>>> print(open('work_7.tsv').read())   # TSV, C-alpha atoms
chain	number	residue	atom	x	y	z
A	1	MET	CA	-33.10	-31.61	10.47
A	2	ALA	CA	-36.04	-33.70	11.65
A	3	LYS	CA	-36.13	-37.36	10.72
A	4	ILE	CA	-38.26	-37.97	7.62
A	5	THR	CA	-40.41	-41.11	7.81
A	6	ASN	CA	-42.27	-42.88	5.01
A	7	ILE	CA	-45.01	-44.83	6.74
A	8	HIS	CA	-47.15	-45.05	3.59
A	9	GLY	CA	-44.42	-46.56	1.42
A	10	LEU	CA	-44.19	-43.76	-1.13
A	11	PRO	CA	-41.47	-43.80	-3.83
A	12	GLU	CA	-37.93	-43.25	-2.61
A	13	ALA	CA	-37.53	-40.38	-5.09
A	14	LEU	CA	-40.22	-38.42	-3.23
A	15	VAL	CA	-38.48	-39.03	0.09
A	16	ARG	CA	-35.15	-37.85	-1.31
A	17	ALA	CA	-36.74	-34.75	-2.80
A	18	VAL	CA	-38.07	-33.83	0.65
A	19	GLU	CA	-34.79	-34.64	2.39
A	20	ARG	CA	-32.70	-32.58	-0.04
A	21	ASP	CA	-34.29	-29.23	0.69
A	22	PRO	CA	-31.87	-26.63	-0.76
A	23	TYR	CA	-32.87	-23.92	1.72
A	24	ASP	CA	-29.94	-21.80	2.95
A	25	SER	CA	-30.35	-18.85	5.31
A	26	GLY	CA	-26.98	-17.46	4.23
A	27	GLY	CA	-25.54	-17.61	7.72
A	28	ALA	CA	-28.25	-15.43	9.26
A	29	ASP	CA	-29.15	-15.69	12.93
A	30	ILE	CA	-32.83	-15.82	12.01
A	31	SER	CA	-34.94	-15.87	8.86
A	32	VAL	CA	-38.16	-13.93	8.29
A	33	THR	CA	-40.20	-17.14	8.50
A	34	LYS	CA	-38.85	-17.95	11.96
A	35	LEU	CA	-38.86	-14.32	13.07
A	36	ILE	CA	-42.63	-13.97	12.65
A	37	ASP	CA	-43.30	-17.29	14.38
A	38	SER	CA	-43.14	-18.40	18.01
A	39	PRO	CA	-39.74	-18.04	19.79
A	40	GLN	CA	-40.70	-20.94	22.09
A	41	ILE	CA	-41.36	-23.30	19.17
A	42	ASN	CA	-38.09	-22.28	17.49
A	43	VAL	CA	-36.07	-23.05	20.63
A	44	LEU	CA	-37.83	-26.38	21.25
A	45	ARG	CA	-37.25	-27.46	17.65
A	46	LYS	CA	-33.53	-26.78	17.98
A	47	ALA	CA	-33.36	-28.61	21.31
A	48	HIS	CA	-35.22	-31.70	20.08
A	49	GLU	CA	-34.28	-31.71	16.41
A	50	ALA	CA	-32.92	-35.26	16.52
A	51	GLU	CA	-36.11	-36.58	18.14
A	52	ILE	CA	-38.68	-34.96	15.82
A	53	GLU	CA	-40.17	-37.19	13.15
A	54	VAL	CA	-42.11	-35.87	10.17
A	55	ASP	CA	-43.72	-38.12	7.59
A	56	VAL	CA	-43.03	-37.41	3.94
A	57	THR	CA	-46.77	-36.97	3.31
A	58	ASP	CA	-46.79	-33.98	5.68
A	59	MET	CA	-44.00	-32.38	3.66
A	60	ILE	CA	-45.76	-32.54	0.30
A	61	PRO	CA	-47.37	-29.05	0.56
A	62	ALA	CA	-43.92	-27.53	1.13
A	63	LEU	CA	-42.54	-29.59	-1.76
A	64	MET	CA	-45.30	-28.28	-4.03
A	65	GLY	CA	-44.40	-24.74	-3.06
A	66	GLN	CA	-40.72	-25.35	-3.84
A	67	SER	CA	-41.63	-26.76	-7.25
A	68	ILE	CA	-43.51	-23.59	-8.17
A	69	HIS	CA	-40.46	-21.53	-7.23
A	70	LEU	CA	-38.22	-23.69	-9.42
A	71	LEU	CA	-40.56	-23.23	-12.39
A	72	LEU	CA	-40.77	-19.48	-11.86
A	73	GLU	CA	-37.00	-19.20	-12.10
A	74	ARG	CA	-37.56	-19.63	-15.85
A	75	ALA	CA	-39.33	-16.27	-15.88
A	76	ALA	CA	-36.33	-13.98	-16.17
A	77	ILE	CA	-37.85	-10.49	-16.46
A	78	PRO	CA	-35.47	-7.62	-17.18
A	79	GLY	CA	-34.89	-5.52	-14.08
A	80	ALA	CA	-36.62	-7.94	-11.69
A	81	MET	CA	-34.93	-9.68	-8.78
A	82	LEU	CA	-35.88	-13.37	-8.50
A	83	GLU	CA	-35.35	-15.39	-5.32
A	84	HIS	CA	-33.12	-12.62	-3.96
A	85	ARG	CA	-32.06	-12.87	-0.32
A	86	PHE	CA	-31.69	-9.67	1.70
A	87	PHE	CA	-29.78	-9.25	4.97
A	88	ALA	CA	-29.95	-6.64	7.71
A	89	GLU	CA	-28.82	-6.26	11.32
A	90	CYS	CA	-31.16	-5.82	14.27
A	91	GLN	CA	-30.23	-5.97	17.96
A	92	GLY	CA	-26.91	-7.61	17.06
A	93	TRP	CA	-28.53	-10.39	15.01
A	94	LYS	CA	-28.38	-10.87	11.26
A	95	VAL	CA	-31.90	-11.17	9.83
A	96	SER	CA	-32.46	-12.62	6.36
A	97	GLY	CA	-35.39	-12.99	4.03
A	98	GLN	CA	-35.83	-14.09	0.44
A	99	ALA	CA	-38.00	-12.14	-1.98
A	100	ASP	CA	-39.64	-14.34	-4.61
A	101	TRP	CA	-40.08	-11.48	-7.09
A	102	LEU	CA	-39.11	-7.86	-6.60
A	103	HIS	CA	-38.94	-5.15	-9.27
A	104	PRO	CA	-36.94	-2.18	-7.93
A	105	GLN	CA	-38.13	0.20	-10.67
A	106	ALA	CA	-41.80	-0.72	-10.17
A	107	ARG	CA	-41.21	-0.91	-6.39
A	108	THR	CA	-43.34	-4.04	-6.35
A	109	LEU	CA	-42.86	-7.17	-4.23
A	110	ILE	CA	-44.64	-10.47	-4.98
A	111	ASP	CA	-44.52	-13.67	-2.95
A	112	TYR	CA	-45.92	-16.89	-4.43
A	113	LYS	CA	-47.98	-19.25	-2.28
A	114	VAL	CA	-49.41	-22.66	-3.17
A	115	THR	CA	-52.27	-22.54	-0.73
A	116	THR	CA	-55.90	-23.35	-0.02
A	117	VAL	CA	-59.00	-21.43	-1.06
A	118	TYR	CA	-59.68	-21.02	2.66
A	119	LYS	CA	-56.95	-18.35	2.70
A	120	SER	CA	-58.27	-16.39	-0.27
A	121	LYS	CA	-59.29	-13.56	2.10
A	122	GLY	CA	-55.70	-13.19	3.29
A	123	ASP	CA	-53.58	-14.30	6.22
A	124	ASP	CA	-51.99	-12.31	9.05
A	125	LYS	CA	-48.73	-14.20	8.59
A	126	TRP	CA	-48.60	-13.09	4.95
A	127	ASP	CA	-48.98	-9.48	6.08
A	128	LYS	CA	-46.13	-9.88	8.58
A	129	GLN	CA	-43.86	-11.71	6.14
A	130	LEU	CA	-44.13	-9.20	3.31
A	131	ASN	CA	-43.88	-6.17	5.57
A	132	VAL	CA	-40.68	-7.54	7.11
A	133	LEU	CA	-39.34	-8.35	3.63
A	134	ARG	CA	-40.13	-4.76	2.64
A	135	TRP	CA	-38.15	-3.56	5.69
A	136	LEU	CA	-35.23	-5.80	4.72
A	137	ALA	CA	-35.28	-4.48	1.16
A	138	LEU	CA	-35.22	-0.90	2.43
A	139	GLN	CA	-32.15	-1.68	4.57
A	140	ASN	CA	-30.52	-2.59	1.25
A	141	ASN	CA	-31.65	0.62	-0.48
A	142	VAL	CA	-34.53	-1.01	-2.37
A	143	GLU	CA	-37.92	0.62	-1.82
A	144	VAL	CA	-41.25	-1.21	-2.04
A	145	ASP	CA	-44.55	0.64	-2.47
A	146	THR	CA	-46.79	-2.30	-3.42
A	147	ALA	CA	-46.85	-5.91	-2.23
A	148	TYR	CA	-48.90	-8.91	-3.30
A	149	ILE	CA	-49.34	-12.57	-2.57
A	150	CYS	CA	-49.76	-14.52	-5.78
A	151	ALA	CA	-52.02	-17.27	-4.45
A	152	ILE	CA	-52.14	-20.53	-6.42
A	153	TYR	CA	-55.03	-22.60	-5.07
A	154	ARG	CA	-54.37	-26.32	-4.92
A	155	ASP	CA	-58.01	-27.10	-4.06
A	156	TRP	CA	-59.79	-24.66	-6.40
A	157	MET	CA	-63.00	-26.02	-7.96
A	158	PRO	CA	-64.57	-24.42	-11.06
A	159	SER	CA	-68.00	-25.71	-10.03
A	160	LYS	CA	-67.83	-23.64	-6.82
A	161	ALA	CA	-66.40	-20.60	-8.60
A	162	ALA	CA	-69.52	-20.51	-10.77
A	163	VAL	CA	-72.03	-20.43	-7.91
A	164	GLU	CA	-70.46	-19.38	-4.59
A	165	ALA	CA	-70.24	-15.70	-3.69
A	166	GLY	CA	-66.75	-14.71	-2.57
A	167	TYR	CA	-65.15	-17.83	-4.03
A	168	PRO	CA	-62.00	-17.10	-6.12
A	169	ARG	CA	-62.89	-16.63	-9.78
A	170	ALA	CA	-59.71	-18.37	-10.97
A	171	ARG	CA	-57.15	-20.93	-9.82
A	172	ALA	CA	-54.64	-18.15	-9.11
A	173	GLU	CA	-54.98	-14.51	-8.14
A	174	LEU	CA	-53.07	-11.56	-6.76
A	175	ILE	CA	-53.97	-10.62	-3.19
A	176	PRO	CA	-52.83	-7.11	-2.18
A	177	ILE	CA	-50.99	-6.89	1.14
A	178	PRO	CA	-51.57	-3.83	3.35
A	179	LEU	CA	-48.30	-2.03	4.04
A	180	TRP	CA	-47.63	-0.86	7.58
A	181	PRO	CA	-45.89	2.44	8.37
A	182	MET	CA	-42.18	1.72	8.29
A	183	GLY	CA	-41.80	2.80	11.90
A	184	GLU	CA	-44.27	0.11	12.96
A	185	VAL	CA	-42.42	-2.51	10.94
A	186	ARG	CA	-39.13	-1.52	12.55
A	187	GLU	CA	-40.68	-1.77	16.02
A	188	TYR	CA	-42.20	-5.16	15.19
A	189	VAL	CA	-38.88	-6.56	13.92
A	190	THR	CA	-37.06	-5.28	17.01
A	191	ARG	CA	-39.70	-6.74	19.32
A	192	GLN	CA	-39.59	-10.14	17.60
A	193	VAL	CA	-35.78	-10.31	17.50
A	194	THR	CA	-35.65	-9.44	21.21
A	195	ALA	CA	-38.18	-12.18	22.05
A	196	HIS	CA	-36.22	-14.77	20.07
A	197	GLN	CA	-32.97	-13.70	21.73
A	198	GLN	CA	-34.54	-14.01	25.18
A	199	ALA	CA	-35.85	-17.49	24.36
A	200	ALA	CA	-32.45	-18.54	23.00
A	201	LEU	CA	-30.89	-17.46	26.33
A	202	GLY	CA	-33.25	-19.71	28.27
A	203	GLN	CA	-35.90	-17.19	29.27
A	204	ARG	CA	-39.47	-18.41	29.09
A	205	VAL	CA	-41.25	-16.71	26.20
A	206	LEU	CA	-44.77	-18.11	25.98
A	207	CYS	CA	-46.66	-18.62	22.74
A	208	THR	CA	-49.44	-16.12	22.15
A	209	ASP	CA	-53.02	-17.20	21.46
A	210	GLU	CA	-52.44	-16.20	17.84
A	211	GLU	CA	-49.35	-18.42	17.59
A	212	ARG	CA	-51.34	-21.27	19.15
A	213	TRP	CA	-54.16	-20.81	16.61
A	214	MET	CA	-56.70	-20.39	19.37
A	215	THR	CA	-60.36	-20.70	18.48
A	216	PRO	CA	-62.57	-18.87	21.00
A	217	ALA	CA	-65.29	-20.53	23.02
A	218	LYS	CA	-68.64	-20.95	21.27
A	219	TRP	CA	-72.20	-21.82	22.12
A	220	ALA	CA	-73.75	-24.22	19.63
A	221	LEU	CA	-77.42	-24.68	18.89
A	222	MET	CA	-77.71	-28.43	18.44
A	223	GLN	CA	-80.32	-30.98	17.42
A	224	TYR	CA	-80.42	-34.35	19.17
A	225	GLY	CA	-79.03	-37.11	17.00
A	226	LYS	CA	-76.89	-34.77	14.87
A	227	LYS	CA	-73.25	-33.81	15.31
A	228	ARG	CA	-73.28	-30.64	13.22
A	229	ALA	CA	-74.40	-27.40	14.82
A	230	ILE	CA	-77.44	-25.60	13.52
A	231	ARG	CA	-75.83	-22.31	14.48
A	232	LEU	CA	-72.83	-21.01	16.43
A	233	TYR	CA	-72.79	-18.06	18.82
A	234	ASP	CA	-69.84	-16.10	20.25
A	235	SER	CA	-71.66	-15.54	23.54
A	236	GLU	CA	-74.33	-17.45	25.42
A	237	PRO	CA	-77.49	-16.88	23.39
A	238	LYS	CA	-80.74	-15.70	24.89
A	239	LEU	CA	-83.13	-17.88	22.95
A	240	PRO	CA	-86.85	-18.40	23.31
A	241	ARG	CA	-88.07	-21.79	24.48
A	242	LEU	CA	-86.42	-24.36	22.25
A	243	PRO	CA	-88.18	-27.28	20.54
A	244	GLU	CA	-87.82	-30.54	22.46
A	245	ASP	CA	-85.31	-31.89	19.94
A	246	GLN	CA	-82.89	-28.93	20.30
A	247	TYR	CA	-80.44	-27.81	22.97
A	248	VAL	CA	-77.52	-25.40	23.49
A	249	GLU	CA	-74.03	-26.85	23.95
A	250	TYR	CA	-71.02	-24.93	25.31
A	251	ARG	CA	-67.79	-25.51	23.39
A	252	PRO	CA	-64.60	-24.40	25.16
A	253	GLY	CA	-61.91	-22.58	23.20
A	254	GLN	CA	-59.25	-24.75	21.59
A	255	TYR	CA	-55.58	-24.36	20.75
A	256	ARG	CA	-55.62	-26.02	17.34
A	257	ARG	CA	-51.90	-25.77	16.68
A	258	CYS	CA	-50.97	-27.27	20.04
A	259	GLU	CA	-53.51	-30.07	19.71
A	260	GLN	CA	-52.92	-31.13	16.12
A	261	TYR	CA	-50.10	-29.34	14.33
A	262	CYS	CA	-47.23	-28.49	16.68
A	263	ASP	CA	-44.33	-30.93	16.31
A	264	VAL	CA	-42.84	-29.97	19.69
A	265	ALA	CA	-46.01	-29.93	21.82
A	266	ARG	CA	-44.91	-33.01	23.78
A	267	TRP	CA	-41.92	-31.07	25.16
A	268	CYS	CA	-43.81	-27.84	25.79
A	269	THR	CA	-44.50	-26.94	29.43
A	270	GLN	CA	-47.01	-24.28	28.38
A	271	TRP	CA	-49.11	-26.90	26.60
A	272	ALA	CA	-48.74	-29.32	29.52
A	273	GLU	CA	-50.07	-26.64	31.86
A	274	THR	CA	-53.08	-25.75	29.72
A	275	HIS	CA	-53.89	-29.10	28.12
A	276	HIS	CA	-57.31	-30.55	28.75
A	277	ASP	CA	-59.24	-33.34	27.09
A	278	SER	CA	-61.33	-31.98	24.26
A	279	THR	CA	-62.95	-33.33	21.17
A	280	PRO	CA	-62.94	-31.25	17.99
A	281	HIS	CA	-66.44	-30.30	16.89
A	282	ASP	CA	-67.91	-30.11	13.43
A	283	GLU	CA	-68.50	-26.53	12.40
A	284	THR	CA	-71.62	-25.17	10.80
A	285	ASP	CA	-71.88	-23.36	7.50
A	286	GLU	CA	-73.42	-20.48	9.42
A	287	HIS	CA	-71.15	-17.58	10.29
A	288	PRO	CA	-70.79	-17.02	14.07
A	289	GLU	CA	-73.03	-14.36	15.49
A	290	ALA	CA	-71.37	-11.00	16.02
>>> encode(input="work_7.tsv", output="structure tokens")
Amino acid sequence: MAKITNIHGLPEALVRAVERDPYDSGGADISVTKLIDSPQINVLRKAHEAEIEVDVTDMIPALMGQSIHLLLERAAIPGAMLEHRFFAECQGWKVSGQADWLHPQARTLIDYKVTTVYKSKGDDKWDKQLNVLRWLALQNNVEVDTAYICAIYRDWMPSKAAVEAGYPRARAELIPIPLWPMGEVREYVTRQVTAHQQAALGQRVLCTDEERWMTPAKWALMQYGKKRAIRLYDSEPKLPRLPEDQYVEYRPGQYRRCEQYCDVARWCTQWAETHHDSTPHDETDEHPEA
């Protein structure tokens, strides 16, 4: 486990709550959460576990999620499986995943997320997680026909809900998850297990652009003296003659996870090879041009 720091002097009880994470994979070789993530990051975390430091403040979102799960354990519904961990074998590895709420008779799977309104339109990782959980359930003779994320928004604002189109109408909502054909899920699980096995054996398995949270290059219409773009374009715009106080600025693509959120970036040769000095830019409220 990474070393937990407390640089802001928060109460010791909070530190202990973070340190005493009850998570248990049940002896599996890999969990669903790690399976759908980068093999390279997983290997580097294992190799440098004793050197990684994480501040308790960075663990609070995870702690909030755990607290919701503890409270939901009160909700014993006849016939439903709560916090049930499934196991299955793939390519010689034991894969495990925990279903927050699964009703075998209703064939419905629900996963609870304490998240941000930004993700109210869905998340690719949610799609992957629930489809793999559905595959795991099927390996244990439990069929799932419907899957949802129950999103609980920690930053929801009623004032925005009243006026902004597309803003969640309530602090929590069910987000339906598209279910892949089971053959595709099986192929995805096999592909991911194989990649993690190769990385564990020392083969170089590079992070994908998706795993690195790459933002593509943009062209920004700017106004002198202001940092915020007037408009963003996905390709170099063909604009008429601009006013004297405006100009177009090229913004290279960025790997946001590598730059700001990856706890093993300093040991990553892929990041060392691609790293370049860059300064994050303020975005505009405008949607990028198609």
>>> residues_around(input="work_7.tsv", residues="Tyr112 of chain A", least_positions_apart="5", cutoff="10 Å", atoms="all atoms listed in the file", output="PyMOL selection string")
chain A and resi 65-66+68-69+72+99-101+148-152+172+174
>>> residues_around(input="work_7.tsv", residues="segment 38-55 of chain A", least_positions_apart="5", cutoff="10 Å", atoms="all atoms listed in the file", output="MDAnalysis selection string")
chainID A and resid 1:8 15 18 30 60 192:208 210:212 262:265 267:268 270
>>> write_last_selection(input="work_7.tsv", atoms="C-alpha atoms", output="mmCIF file, in the coordinates of the input")
data_model
loop_
_atom_site.group_PDB
_atom_site.id
_atom_site.type_symbol
_atom_site.label_atom_id
_atom_site.label_comp_id
_atom_site.auth_asym_id
_atom_site.auth_seq_id
_atom_site.Cartn_x
_atom_site.Cartn_y
_atom_site.Cartn_z
ATOM 1 C CA MET A 1 -33.100 -31.610 10.470
ATOM 2 C CA ALA A 2 -36.040 -33.700 11.650
ATOM 3 C CA LYS A 3 -36.130 -37.360 10.720
ATOM 4 C CA ILE A 4 -38.260 -37.970 7.620
ATOM 5 C CA THR A 5 -40.410 -41.110 7.810
ATOM 6 C CA ASN A 6 -42.270 -42.880 5.010
ATOM 7 C CA ILE A 7 -45.010 -44.830 6.740
ATOM 8 C CA HIS A 8 -47.150 -45.050 3.590
ATOM 9 C CA VAL A 15 -38.480 -39.030 0.090
ATOM 10 C CA VAL A 18 -38.070 -33.830 0.650
ATOM 11 C CA ILE A 30 -32.830 -15.820 12.010
ATOM 12 C CA ILE A 60 -45.760 -32.540 0.300
ATOM 13 C CA GLN A 192 -39.590 -10.140 17.600
ATOM 14 C CA VAL A 193 -35.780 -10.310 17.500
ATOM 15 C CA THR A 194 -35.650 -9.440 21.210
ATOM 16 C CA ALA A 195 -38.180 -12.180 22.050
ATOM 17 C CA HIS A 196 -36.220 -14.770 20.070
ATOM 18 C CA GLN A 197 -32.970 -13.700 21.730
ATOM 19 C CA GLN A 198 -34.540 -14.010 25.180
ATOM 20 C CA ALA A 199 -35.850 -17.490 24.360
ATOM 21 C CA ALA A 200 -32.450 -18.540 23.000
ATOM 22 C CA LEU A 201 -30.890 -17.460 26.330
ATOM 23 C CA GLY A 202 -33.250 -19.710 28.270
ATOM 24 C CA GLN A 203 -35.900 -17.190 29.270
ATOM 25 C CA ARG A 204 -39.470 -18.410 29.090
ATOM 26 C CA VAL A 205 -41.250 -16.710 26.200
ATOM 27 C CA LEU A 206 -44.770 -18.110 25.980
ATOM 28 C CA CYS A 207 -46.660 -18.620 22.740
ATOM 29 C CA THR A 208 -49.440 -16.120 22.150
ATOM 30 C CA GLU A 210 -52.440 -16.200 17.840
ATOM 31 C CA GLU A 211 -49.350 -18.420 17.590
ATOM 32 C CA ARG A 212 -51.340 -21.270 19.150
ATOM 33 C CA CYS A 262 -47.230 -28.490 16.680
ATOM 34 C CA ASP A 263 -44.330 -30.930 16.310
ATOM 35 C CA VAL A 264 -42.840 -29.970 19.690
ATOM 36 C CA ALA A 265 -46.010 -29.930 21.820
ATOM 37 C CA TRP A 267 -41.920 -31.070 25.160
ATOM 38 C CA CYS A 268 -43.810 -27.840 25.790
ATOM 39 C CA GLN A 270 -47.010 -24.280 28.380
#
>>> atom_distance(input="work_7.tsv", atom1="atom CA of Ile177 of chain A", atom2="atom CA of Val132 of chain A")
11.9 Å
>>> atom_distance(input="work_7.tsv", atom1="atom CA of Leu179 of chain A", atom2="atom CA of Tyr118 of chain A")
22.2 Å
>>> residues_around(input="work_7.tsv", residues="Asn140 of chain A", least_positions_apart="4", cutoff="10 Å", atoms="only C-alpha atoms", output="number ranges by chain")
A: 86-88, 134-136
>>> axis_aligned_box(input="work_7.tsv", around="segment 73-80 of chain A", padding_each_side="4 Å", output="AutoDock Vina command-line options")
--center_x -37.1 --center_y -12.6 --center_z -14.4 --size_x 12.4 --size_y 22.1 --size_z 13.5
>>> residues_around(input="work_7.tsv", residues="Gly253 of chain A", least_positions_apart="3", cutoff="6 Å", atoms="all atoms listed in the file", output="ChimeraX atom specification")
/A:215-217
>>> write_last_selection(input="work_7.tsv", atoms="C-alpha atoms", output="PDB file, in the coordinates of the input")
ATOM      1  CA  THR A 215     -60.360 -20.700  18.480  1.00  0.00           C
ATOM      2  CA  PRO A 216     -62.570 -18.870  21.000  1.00  0.00           C
ATOM      3  CA  ALA A 217     -65.290 -20.530  23.020  1.00  0.00           C
TER       4      ALA A 217
END
>>> atom_distance(input="work_7.tsv", atom1="atom CA of Met157 of chain A", atom2="atom CA of Thr115 of chain A")
13.4 Å
>>> closest_residue(input="work_7.tsv", among="A:Asp245, A:Glu236, A:Asp124, A:Asp29", to="Trp213 of chain A", atoms="all atoms listed in the file")
A:Asp124
>>> residues_around(input="work_7.tsv", residues="Val142 of chain A", least_positions_apart="3", cutoff="8 Å", atoms="only C-alpha atoms", output="list in words")
Pro104, Arg107, Ala137, Leu138 and Gln139 of chain A
